[in-house]
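Everything on this sheet refers to the single structure shown next.
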Amino acid sequence: MPVEAATSLARKDLVGIAPLTPEEIQLVLDTAEELLEVARRPIKKVPALRGRAVINLFMEPSTRTRFSFEVAEKRLSADTLNFSASTSSVTKGETLVDTARNLMAMAPDFIVIRHPNSGAPHRLAEIVPASIINAGDGINEHPTQALLDGFTMRRHFGYLEGLTVVIAGDIRHSRVARSNAFLLTRMGADVRFAAPASLLPLDVEKLGVSTHVRLEPALEGADVVMMLRIQRERSKESSFPSQREYFDFFALTQERLALARPGALVMHPGPMNRGVEIDSAVADGPQSVILEQVTNGVAVRMAILYLLAGGHGEPASHS
Amino acid sequence: MKAHDGAVGRRVQVLDQASLARTISRMAAEIVERDGDELMLVGIHTRGVPLSIRLATEISQATGRSVQVGRLDISLYRDDVGPWRPAHRQPVLKETVLPSSIENATVYLVDDVLFTGRTIRAALDTLNDWGRPRGVRLAVLIDRGHRELPIAPDVVGKVVPTSRDEDVQVRLEEVDGEDSVWIGREADDAR
C-alpha cells in the first residue's frame, strides 16, 4: 500500500532521516515532483522564499551538495550567503556555537550545514531559532542525499515499497548509506549492504538491512545498485590491501551488473573514483542515473526549503 | 435534484446539475464570441481544472476546433504564506502543466469562485514566468464579490451576492461526485 503523504512537515529542522515518518517522506517526494517543473520553465525561479535568508555553512569540502543547495535556494528566490571552512574564522579557532551565534546576528531563516562532526547540526538546531538543514554531518546522516536517491528510484519504478536496493562500498564511513538505510527501510524497501567486513559499520543490525561481504550474491535480483566512494579521508589506516585489489573484488563492472535484475538502476552519490568502485563503462552506461541524481537533488532540496518555510498551523486558503 | 432546491439547514442551493450545465454552456459561447483563435484555457487548481476541461469540450464541439487546456498551481506565488504569516502551513503543491508556448495564445484563466482576487493575482504572476501571452482573460463560475485587488472577470457564470463570512461551495462531479453550487454560513462539508 502506498503511504498517504502528510499535509505538512511540522518541524523546524531537517537534521536526519531517522526522525521522519513515512508520511513526511512521501510529502517531500511529492513536493519535489512538482518542483522539478521549475527547471523546465523559461524563467527558472519562483517567489516562494522571497525575502528569506539562507546561510550555507560548509565546514567540509563539497562541490555538488553546496551547488545543489545554492541552485535550490536561488530558484525559490531566497537570499544566500556562503561560508566555507577555508575562508571563515573557524580556521582561527572559533567554536561552532560561537560561529552560529554570530551568524544569527545576520538573522538567517535557514542554516544549511555540513560539518565533519556527527551531531553538529543537532547541536546547532538546539541553540539557534533558524531552521537547520543537515547537508552531511560526519559519518551520521546526509538526509537530502537519501531523499534525492529515494526520489530518483521512485521516479523510475513509481514506488519504493518492495524494491531491492544494494548499497556497496565504504559503508562504515558513509552517512549516505545510513540515511538511505533509514529512508528505504522505512518506505518498505529491502536494503542490502555489500562491503569488505572492514568497511561495514559496527551497528549494522540496528539498521534493519542485510549484509554481504561479497558483491556478487548481493546483486542477485537487485533493482538498484548504489556504489559508494572509498573515503580515504575518514579511515585512519587502510581497510583493504590496494585499490587494484578493491576493484577486482568490489567494483561494479558490466559482468557484475548483469547479475542484478535487467534494467537495474546504477546510482552513485559522487564524487566517483572511476576504476576503483565503479567501472567507467557502467558509470556512463544506459543503466546509470548518476546525472539524474544531480538534477533531482535540486528539486528535493527545494522541497525541503519550501516545506520547512511553512508553519504548523492552519493551512492557508483564499479564493 | 428537486429535493436539493431551497434551504437545507443554513445552506442554500444556488445551482443544481441542470442549471450548472446550462451556465457552463453559456460561458463557453461567450468565450467563443470574444476570442475564437489561439485559445488556451488554463484551470486553476482544484476546481478550475475540471471546469476548464468542460469549457474546452463545449467550445471544441461548437467550433469544431480543438482547444488547448492547461492547469495551474498558484501555491508558490501566494501572498498569504510567507514571513508575515509565519504560522501558516505551506500549501501542498499540485501540478502546473501548460500545453505549449503561451506566447501567441489568448489565455483564459478559469476558476470556480472569484472572491478577493488574490488567487488571480498569483495566477497572473505564475503565467508571467511562463511567457508573454497575447492576452489574459478571466472566466469564473461564481463571482461572489468582496474584491481586495483591482481584478474583474471577463466571463461570469453567475453573480452571487454574499456576505463576507458566508461560504460558497462549488461541487463538481470530477472532484466531489456531484454537480451543484451552495451558499452557506459555514463549511458543512469538508472542502
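Note on naming: chains are A, B, ... as they come in the C-alpha cells, residues start from 1 per chain, ligands start from 1 in the order shown.
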Find the residues of chain A that sit at most 10 Å from chain B; for each, write down the nearest two atoms and how far apart they are in Å, to one decimal. Count only C-alpha atoms. Sort by chain, then by number going up, and give it as a Markdown table.
| residue | atom | partner | partner_atom | distance |
| --- | --- | --- | --- | --- |
| A:Ala5 | CA | B:Val92 | CA | 9.7 |
| A:Ala6 | CA | B:Val92 | CA | 9.2 |
| A:Thr7 | CA | B:Val92 | CA | 6.5 |
| A:Ser8 | CA | B:Arg89 | CA | 6.6 |
| A:Leu9 | CA | B:Arg89 | CA | 8.6 |
| A:Ala10 | CA | B:Arg89 | CA | 8.3 |
| A:Leu27 | CA | B:Val92 | CA | 8.2 |
| A:Val28 | CA | B:Val92 | CA | 10.0 |
| A:Asp30 | CA | B:Leu93 | CA | 8.0 |
| A:Thr31 | CA | B:Leu93 | CA | 5.9 |
| A:Ala32 | CA | B:Leu93 | CA | 9.0 |
| A:Glu33 | CA | B:Glu95 | CA | 8.6 |
| A:Glu34 | CA | B:Glu95 | CA | 5.7 |
| A:Leu35 | CA | B:Leu93 | CA | 8.2 |
| A:Glu37 | CA | B:Thr96 | CA | 7.7 |
| A:Val38 | CA | B:Thr96 | CA | 9.4 |
| A:Arg40 | CA | B:Trp130 | CA | 9.8 |
| A:Arg41 | CA | B:Trp130 | CA | 6.2 |
| A:Pro42 | CA | B:Trp130 | CA | 5.9 |
| A:Ile43 | CA | B:Asp129 | CA | 5.4 |
| A:Lys44 | CA | B:Asp129 | CA | 8.0 |
| A:Lys45 | CA | B:Asp129 | CA | 7.9 |
| A:Val46 | CA | B:Leu76 | CA | 6.4 |
| A:Pro47 | CA | B:Tyr77 | CA | 6.0 |
| A:Ala48 | CA | B:Leu76 | CA | 4.8 |
| A:Leu49 | CA | B:Gly82 | CA | 7.3 |
| A:Arg50 | CA | B:Gly82 | CA | 8.1 |
| A:Gly51 | CA | B:Pro83 | CA | 7.9 |
| A:Arg52 | CA | B:Pro83 | CA | 7.6 |
| A:Leu76 | CA | B:Leu76 | CA | 8.6 |
| A:Asp109 | CA | B:Pro83 | CA | 9.4 |
| A:Ala303 | CA | B:Leu93 | CA | 9.6 |
| A:Tyr306 | CA | B:Gln90 | CA | 7.5 |
| A:Leu307 | CA | B:Gln90 | CA | 6.2 |
| A:Leu308 | CA | B:Gln90 | CA | 8.5 |
| A:Ala309 | CA | B:Gln90 | CA | 7.5 |
| A:Gly310 | CA | B:Gln90 | CA | 4.8 |
| A:Gly311 | CA | B:Ala87 | CA | 4.1 |
| A:His312 | CA | B:Arg89 | CA | 5.2 |
| A:Gly313 | CA | B:His88 | CA | 5.2 |
| A:Glu314 | CA | B:His88 | CA | 5.6 |
| A:Pro315 | CA | B:Arg89 | CA | 4.7 |
| A:Ala316 | CA | B:His88 | CA | 5.9 |
| A:Ser317 | CA | B:Asp80 | CA | 7.8 |
| A:His318 | CA | B:Thr119 | CA | 6.7 |
| A:Ser319 | CA | B:Phe115 | CA | 5.3 |
**Message:** I need the strand (DSSP E) residues of chain B per DSSP on the backbone, written as number ranges by chain.
**Reply:** B: 7-8, 11-15, 39-44, 68-72, 106-114, 135-143, 155-159, 167-171, 180-184
**Request:** Considering only C-alpha atoms, return as number ranges by chain whatever protein or nucleic-acid residues lie within 10 Å of stretch 20-26 of chain B, sequence-local ones (same chain, fewer than 5 positions apart) excluded.
**Result:** B: 14-15, 31-32, 51-52, 54-55, 57-59, 62, 140-141, 155-158, 170, 172, 179-181
**Request:** Calculate how many Å separate atom CA of A:Leu57 from atom CA of A:Asn82, rounding to one decimal.
**Result:** 6.3 Å
**Message:** Need the shell around stretch 33-38 of chain B: protein/DNA/RNA residues with any atom at most 7 Å away, counting only C-alpha atoms. Skip same-chain ones fewer than 2 positions apart. Format as number ranges by chain?
**Reply:** B: 29-31, 40, 104-106
Include all heavy atoms and write out the residues we just selected as a PDB file, in the first residue's frame.
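Result written to result31.pdb:
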ATOM      1  N   ALA B  29     -20.032  29.711 -24.854  1.00  0.00           N
ATOM      2  CA  ALA B  29     -20.489  30.511 -26.001  1.00  0.00           C
ATOM      3  C   ALA B  29     -19.914  31.923 -25.936  1.00  0.00           C
ATOM      4  O   ALA B  29     -19.496  32.497 -26.951  1.00  0.00           O
ATOM      5  CB  ALA B  29     -22.019  30.551 -26.021  1.00  0.00           C
ATOM      6  N   GLU B  30     -19.873  32.481 -24.753  1.00  0.00           N
ATOM      7  CA  GLU B  30     -19.332  33.844 -24.585  1.00  0.00           C
ATOM      8  C   GLU B  30     -17.847  33.902 -24.934  1.00  0.00           C
ATOM      9  O   GLU B  30     -17.372  34.852 -25.537  1.00  0.00           O
ATOM     10  CB  GLU B  30     -19.518  34.311 -23.135  1.00  0.00           C
ATOM     11  CG  GLU B  30     -20.763  35.153 -22.926  1.00  0.00           C
ATOM     12  CD  GLU B  30     -20.843  35.659 -21.492  1.00  0.00           C
ATOM     13  OE1 GLU B  30     -19.947  36.419 -21.071  1.00  0.00           O
ATOM     14  OE2 GLU B  30     -21.785  35.247 -20.792  1.00  0.00           O
ATOM     15  N   ILE B  31     -17.126  32.855 -24.522  1.00  0.00           N
ATOM     16  CA  ILE B  31     -15.684  32.817 -24.812  1.00  0.00           C
ATOM     17  C   ILE B  31     -15.460  32.761 -26.314  1.00  0.00           C
ATOM     18  O   ILE B  31     -14.629  33.494 -26.859  1.00  0.00           O
ATOM     19  CB  ILE B  31     -15.019  31.602 -24.098  1.00  0.00           C
ATOM     20  CG1 ILE B  31     -15.040  31.815 -22.580  1.00  0.00           C
ATOM     21  CG2 ILE B  31     -13.579  31.406 -24.584  1.00  0.00           C
ATOM     22  CD1 ILE B  31     -14.599  30.611 -21.762  1.00  0.00           C
ATOM     23  N   MET B  40      -6.405  29.301 -25.260  1.00  0.00           N
ATOM     24  CA  MET B  40      -5.861  28.343 -24.295  1.00  0.00           C
ATOM     25  C   MET B  40      -6.612  28.531 -22.980  1.00  0.00           C
ATOM     26  O   MET B  40      -6.656  29.637 -22.440  1.00  0.00           O
ATOM     27  CB  MET B  40      -4.363  28.580 -24.099  1.00  0.00           C
ATOM     28  CG  MET B  40      -3.696  27.486 -23.263  1.00  0.00           C
ATOM     29  SD  MET B  40      -1.976  27.856 -22.842  1.00  0.00           S
ATOM     30  CE  MET B  40      -1.202  27.658 -24.431  1.00  0.00           C
ATOM     31  N   ASN B 104       1.677  33.172 -28.179  1.00  0.00           N
ATOM     32  CA  ASN B 104       0.680  33.722 -29.105  1.00  0.00           C
ATOM     33  C   ASN B 104      -0.749  33.449 -28.688  1.00  0.00           C
ATOM     34  O   ASN B 104      -1.680  33.744 -29.419  1.00  0.00           O
ATOM     35  CB  ASN B 104       0.924  33.167 -30.515  1.00  0.00           C
ATOM     36  CG  ASN B 104       2.255  33.648 -31.058  1.00  0.00           C
ATOM     37  OD1 ASN B 104       2.581  34.830 -30.962  1.00  0.00           O
ATOM     38  ND2 ASN B 104       3.052  32.726 -31.581  1.00  0.00           N
ATOM     39  N   ALA B 105      -0.890  32.878 -27.513  1.00  0.00           N
ATOM     40  CA  ALA B 105      -2.226  32.441 -27.104  1.00  0.00           C
ATOM     41  C   ALA B 105      -2.991  33.550 -26.390  1.00  0.00           C
ATOM     42  O   ALA B 105      -2.408  34.452 -25.796  1.00  0.00           O
ATOM     43  CB  ALA B 105      -2.106  31.229 -26.192  1.00  0.00           C
ATOM     44  N   THR B 106      -4.321  33.452 -26.493  1.00  0.00           N
ATOM     45  CA  THR B 106      -5.171  34.201 -25.580  1.00  0.00           C
ATOM     46  C   THR B 106      -5.527  33.227 -24.468  1.00  0.00           C
ATOM     47  O   THR B 106      -6.188  32.222 -24.691  1.00  0.00           O
ATOM     48  CB  THR B 106      -6.444  34.696 -26.281  1.00  0.00           C
ATOM     49  OG1 THR B 106      -6.045  35.589 -27.322  1.00  0.00           O
ATOM     50  CG2 THR B 106      -7.351  35.429 -25.307  1.00  0.00           C
TER      51      THR B 106
END
**Message:** List as number ranges by chain the protein and nucleic acid residues near stretch 150-161 of chain A, meaning an atom at most 10 Å away when only C-alpha atoms are counted, but skip any in the same chain fewer than 2 places from it.
**Reply:** A: 1-3, 25-26, 28-30, 32-33, 144-148, 163-165, 180, 183-190, 223-224, 264-265, 267, 289-290, 292-297, 299-300
**Message:** Could you pull out the helix (DSSP H, G or I) residues of stretch 28-242 of chain A, going by DSSP on the backbone, and write them as a ChimeraX atom specification?
**Reply:** /A:28-40,64-75,89-92,96-104,120-127,143-157,175-186,197-199,204-207,215-219,232-234
**Message:** Which residues are near B:Gly43? Cut-off 7 Å, only C-alpha atoms, ignore same chain within fewer than 2 positions. Put them as a ChimeraX atom specification.
**Reply:** /B:41,45,48-49,51-52,70-72,109-111
**Fill in**
A straight line from atom CA of A:Pro143 to atom CA of A:Gly119 spans 12.8 Å
**Message:** Restricting the calculation to only C-alpha atoms: of A:His142, A:Arg101, A:His268, A:Lys206, which residue gets closest to A:Ile127?
**Reply:** A:Arg101
Which residues, written as a PDB file with all heavy atoms, in the first residue's frame, have at least one atom at most 9 Å from A:Pro121, with only C-alpha atoms counted and residues fewer than 2 positions away on the same chain left out?
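Printed below is result17.pdb as written:
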ATOM      1  N   LEU A  14      15.635  19.897   9.505  1.00  0.00           N
ATOM      2  CA  LEU A  14      15.857  18.564   8.937  1.00  0.00           C
ATOM      3  C   LEU A  14      17.271  18.155   9.336  1.00  0.00           C
ATOM      4  O   LEU A  14      18.241  18.515   8.678  1.00  0.00           O
ATOM      5  CB  LEU A  14      15.725  18.559   7.416  1.00  0.00           C
ATOM      6  CG  LEU A  14      16.000  17.190   6.799  1.00  0.00           C
ATOM      7  CD1 LEU A  14      14.840  16.229   7.057  1.00  0.00           C
ATOM      8  CD2 LEU A  14      16.277  17.281   5.308  1.00  0.00           C
ATOM      9  N   VAL A  15      17.376  17.428  10.464  1.00  0.00           N
ATOM     10  CA  VAL A  15      18.705  17.004  10.910  1.00  0.00           C
ATOM     11  C   VAL A  15      19.048  15.603  10.430  1.00  0.00           C
ATOM     12  O   VAL A  15      20.205  15.212  10.414  1.00  0.00           O
ATOM     13  CB  VAL A  15      18.856  17.095  12.448  1.00  0.00           C
ATOM     14  CG1 VAL A  15      18.850  18.543  12.897  1.00  0.00           C
ATOM     15  CG2 VAL A  15      17.779  16.294  13.153  1.00  0.00           C
ATOM     16  N   VAL A 112      22.088  25.955   6.309  1.00  0.00           N
ATOM     17  CA  VAL A 112      22.403  24.651   5.734  1.00  0.00           C
ATOM     18  C   VAL A 112      23.816  24.339   6.192  1.00  0.00           C
ATOM     19  O   VAL A 112      24.739  25.122   5.936  1.00  0.00           O
ATOM     20  CB  VAL A 112      22.344  24.693   4.197  1.00  0.00           C
ATOM     21  CG1 VAL A 112      22.778  23.346   3.604  1.00  0.00           C
ATOM     22  CG2 VAL A 112      20.935  25.063   3.728  1.00  0.00           C
ATOM     23  N   ILE A 113      23.989  23.235   6.918  1.00  0.00           N
ATOM     24  CA  ILE A 113      25.310  22.971   7.488  1.00  0.00           C
ATOM     25  C   ILE A 113      25.879  21.614   7.079  1.00  0.00           C
ATOM     26  O   ILE A 113      25.181  20.596   7.096  1.00  0.00           O
ATOM     27  CB  ILE A 113      25.297  23.088   9.042  1.00  0.00           C
ATOM     28  CG1 ILE A 113      26.699  22.762   9.598  1.00  0.00           C
ATOM     29  CG2 ILE A 113      24.203  22.220   9.659  1.00  0.00           C
ATOM     30  CD1 ILE A 113      26.872  22.999  11.071  1.00  0.00           C
ATOM     31  N   ARG A 114      27.134  21.665   6.662  1.00  0.00           N
ATOM     32  CA  ARG A 114      27.922  20.437   6.504  1.00  0.00           C
ATOM     33  C   ARG A 114      29.068  20.527   7.500  1.00  0.00           C
ATOM     34  O   ARG A 114      29.732  21.575   7.591  1.00  0.00           O
ATOM     35  CB  ARG A 114      28.468  20.312   5.095  1.00  0.00           C
ATOM     36  CG  ARG A 114      29.596  19.283   5.038  1.00  0.00           C
ATOM     37  CD  ARG A 114      29.890  18.783   3.687  1.00  0.00           C
ATOM     38  NE  ARG A 114      28.760  18.052   3.134  1.00  0.00           N
ATOM     39  CZ  ARG A 114      28.834  17.356   2.002  1.00  0.00           C
ATOM     40  NH1 ARG A 114      29.962  17.317   1.331  1.00  0.00           N
ATOM     41  NH2 ARG A 114      27.780  16.716   1.553  1.00  0.00           N
ATOM     42  N   HIS A 115      29.272  19.435   8.243  1.00  0.00           N
ATOM     43  CA  HIS A 115      30.262  19.505   9.314  1.00  0.00           C
ATOM     44  C   HIS A 115      30.946  18.141   9.479  1.00  0.00           C
ATOM     45  O   HIS A 115      30.290  17.116   9.356  1.00  0.00           O
ATOM     46  CB  HIS A 115      29.557  19.908  10.621  1.00  0.00           C
ATOM     47  CG  HIS A 115      30.489  20.483  11.646  1.00  0.00           C
ATOM     48  ND1 HIS A 115      31.278  19.683  12.437  1.00  0.00           N
ATOM     49  CD2 HIS A 115      30.757  21.757  11.986  1.00  0.00           C
ATOM     50  CE1 HIS A 115      32.005  20.464  13.233  1.00  0.00           C
ATOM     51  NE2 HIS A 115      31.708  21.728  12.984  1.00  0.00           N
ATOM     52  N   ASN A 117      31.890  16.748  12.147  1.00  0.00           N
ATOM     53  CA  ASN A 117      31.499  16.063  13.379  1.00  0.00           C
ATOM     54  C   ASN A 117      30.046  15.614  13.336  1.00  0.00           C
ATOM     55  O   ASN A 117      29.148  16.431  13.108  1.00  0.00           O
ATOM     56  CB  ASN A 117      31.686  16.980  14.595  1.00  0.00           C
ATOM     57  CG  ASN A 117      33.135  17.333  14.826  1.00  0.00           C
ATOM     58  OD1 ASN A 117      34.034  16.721  14.218  1.00  0.00           O
ATOM     59  ND2 ASN A 117      33.373  18.318  15.667  1.00  0.00           N
ATOM     60  N   SER A 118      29.824  14.345  13.606  1.00  0.00           N
ATOM     61  CA  SER A 118      28.458  13.830  13.693  1.00  0.00           C
ATOM     62  C   SER A 118      27.719  14.565  14.804  1.00  0.00           C
ATOM     63  O   SER A 118      28.265  14.753  15.883  1.00  0.00           O
ATOM     64  CB  SER A 118      28.482  12.330  13.991  1.00  0.00           C
ATOM     65  OG  SER A 118      29.199  11.647  12.981  1.00  0.00           O
ATOM     66  N   GLY A 119      26.493  14.977  14.523  1.00  0.00           N
ATOM     67  CA  GLY A 119      25.698  15.633  15.559  1.00  0.00           C
ATOM     68  C   GLY A 119      25.797  17.149  15.575  1.00  0.00           C
ATOM     69  O   GLY A 119      25.042  17.803  16.308  1.00  0.00           O
ATOM     70  N   ARG A 123      23.136  19.943  17.381  1.00  0.00           N
ATOM     71  CA  ARG A 123      23.575  20.910  18.396  1.00  0.00           C
ATOM     72  C   ARG A 123      23.143  22.313  17.987  1.00  0.00           C
ATOM     73  O   ARG A 123      22.594  23.066  18.768  1.00  0.00           O
ATOM     74  CB  ARG A 123      25.111  20.814  18.513  1.00  0.00           C
ATOM     75  CG  ARG A 123      25.746  21.792  19.474  1.00  0.00           C
ATOM     76  CD  ARG A 123      25.709  21.257  20.902  1.00  0.00           C
ATOM     77  NE  ARG A 123      26.236  22.239  21.840  1.00  0.00           N
ATOM     78  CZ  ARG A 123      25.447  23.022  22.586  1.00  0.00           C
ATOM     79  NH1 ARG A 123      24.143  22.942  22.512  1.00  0.00           N
ATOM     80  NH2 ARG A 123      25.994  23.885  23.443  1.00  0.00           N
ATOM     81  N   LEU A 124      23.384  22.621  16.712  1.00  0.00           N
ATOM     82  CA  LEU A 124      23.030  23.934  16.178  1.00  0.00           C
ATOM     83  C   LEU A 124      21.520  24.162  16.268  1.00  0.00           C
ATOM     84  O   LEU A 124      21.052  25.238  16.649  1.00  0.00           O
ATOM     85  CB  LEU A 124      23.491  23.992  14.720  1.00  0.00           C
ATOM     86  CG  LEU A 124      23.776  25.348  14.108  1.00  0.00           C
ATOM     87  CD1 LEU A 124      24.801  26.103  14.934  1.00  0.00           C
ATOM     88  CD2 LEU A 124      24.293  25.162  12.675  1.00  0.00           C
ATOM     89  N   ALA A 125      20.751  23.131  15.942  1.00  0.00           N
ATOM     90  CA  ALA A 125      19.286  23.243  15.937  1.00  0.00           C
ATOM     91  C   ALA A 125      18.759  23.596  17.322  1.00  0.00           C
ATOM     92  O   ALA A 125      17.742  24.284  17.457  1.00  0.00           O
ATOM     93  CB  ALA A 125      18.663  21.929  15.460  1.00  0.00           C
ATOM     94  N   GLU A 126      19.473  23.138  18.364  1.00  0.00           N
ATOM     95  CA  GLU A 126      19.029  23.411  19.732  1.00  0.00           C
ATOM     96  C   GLU A 126      19.288  24.845  20.156  1.00  0.00           C
ATOM     97  O   GLU A 126      18.582  25.382  21.004  1.00  0.00           O
ATOM     98  CB  GLU A 126      19.760  22.479  20.714  1.00  0.00           C
ATOM     99  CG  GLU A 126      19.223  21.069  20.694  1.00  0.00           C
ATOM    100  CD  GLU A 126      20.172  20.095  21.387  1.00  0.00           C
ATOM    101  OE1 GLU A 126      21.141  20.556  22.042  1.00  0.00           O
ATOM    102  OE2 GLU A 126      19.944  18.877  21.256  1.00  0.00           O
ATOM    103  N   ILE A 132      17.488  24.468  10.655  1.00  0.00           N
ATOM    104  CA  ILE A 132      18.770  23.851  10.317  1.00  0.00           C
ATOM    105  C   ILE A 132      18.537  22.711   9.330  1.00  0.00           C
ATOM    106  O   ILE A 132      17.675  21.858   9.547  1.00  0.00           O
ATOM    107  CB  ILE A 132      19.455  23.274  11.582  1.00  0.00           C
ATOM    108  CG1 ILE A 132      19.623  24.354  12.656  1.00  0.00           C
ATOM    109  CG2 ILE A 132      20.805  22.637  11.228  1.00  0.00           C
ATOM    110  CD1 ILE A 132      20.433  25.557  12.238  1.00  0.00           C
ATOM    111  N   ILE A 133      19.282  22.726   8.248  1.00  0.00           N
ATOM    112  CA  ILE A 133      19.223  21.617   7.301  1.00  0.00           C
ATOM    113  C   ILE A 133      20.589  20.945   7.268  1.00  0.00           C
ATOM    114  O   ILE A 133      21.604  21.605   7.005  1.00  0.00           O
ATOM    115  CB  ILE A 133      18.828  22.099   5.887  1.00  0.00           C
ATOM    116  CG1 ILE A 133      17.446  22.756   5.932  1.00  0.00           C
ATOM    117  CG2 ILE A 133      18.841  20.925   4.898  1.00  0.00           C
ATOM    118  CD1 ILE A 133      17.011  23.371   4.624  1.00  0.00           C
ATOM    119  N   ASN A 134      20.598  19.659   7.580  1.00  0.00           N
ATOM    120  CA  ASN A 134      21.843  18.899   7.605  1.00  0.00           C
ATOM    121  C   ASN A 134      22.268  18.551   6.179  1.00  0.00           C
ATOM    122  O   ASN A 134      21.559  17.852   5.463  1.00  0.00           O
ATOM    123  CB  ASN A 134      21.614  17.623   8.431  1.00  0.00           C
ATOM    124  CG  ASN A 134      22.878  16.787   8.553  1.00  0.00           C
ATOM    125  OD1 ASN A 134      23.917  17.130   7.984  1.00  0.00           O
ATOM    126  ND2 ASN A 134      22.784  15.705   9.301  1.00  0.00           N
ATOM    127  N   ALA A 135      23.420  19.048   5.777  1.00  0.00           N
ATOM    128  CA  ALA A 135      23.959  18.745   4.446  1.00  0.00           C
ATOM    129  C   ALA A 135      25.092  17.724   4.558  1.00  0.00           C
ATOM    130  O   ALA A 135      25.968  17.659   3.700  1.00  0.00           O
ATOM    131  CB  ALA A 135      24.446  20.024   3.768  1.00  0.00           C
ATOM    132  N   GLY A 136      25.067  16.943   5.640  1.00  0.00           N
ATOM    133  CA  GLY A 136      26.092  15.923   5.860  1.00  0.00           C
ATOM    134  C   GLY A 136      26.844  16.212   7.136  1.00  0.00           C
ATOM    135  O   GLY A 136      27.520  17.236   7.231  1.00  0.00           O
ATOM    136  N   ASP A 137      26.729  15.311   8.143  1.00  0.00           N
ATOM    137  CA  ASP A 137      27.479  15.505   9.387  1.00  0.00           C
ATOM    138  C   ASP A 137      28.288  14.252   9.695  1.00  0.00           C
ATOM    139  O   ASP A 137      27.734  13.202  10.007  1.00  0.00           O
ATOM    140  CB  ASP A 137      26.551  15.892  10.558  1.00  0.00           C
ATOM    141  CG  ASP A 137      25.526  14.830  10.925  1.00  0.00           C
ATOM    142  OD1 ASP A 137      25.021  14.155  10.009  1.00  0.00           O
ATOM    143  OD2 ASP A 137      25.232  14.667  12.124  1.00  0.00           O
TER     144      ASP A 137
END
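Going from atom CA of B:Ser66 to atom CA of B:Ala122 covers 27.5 Å.
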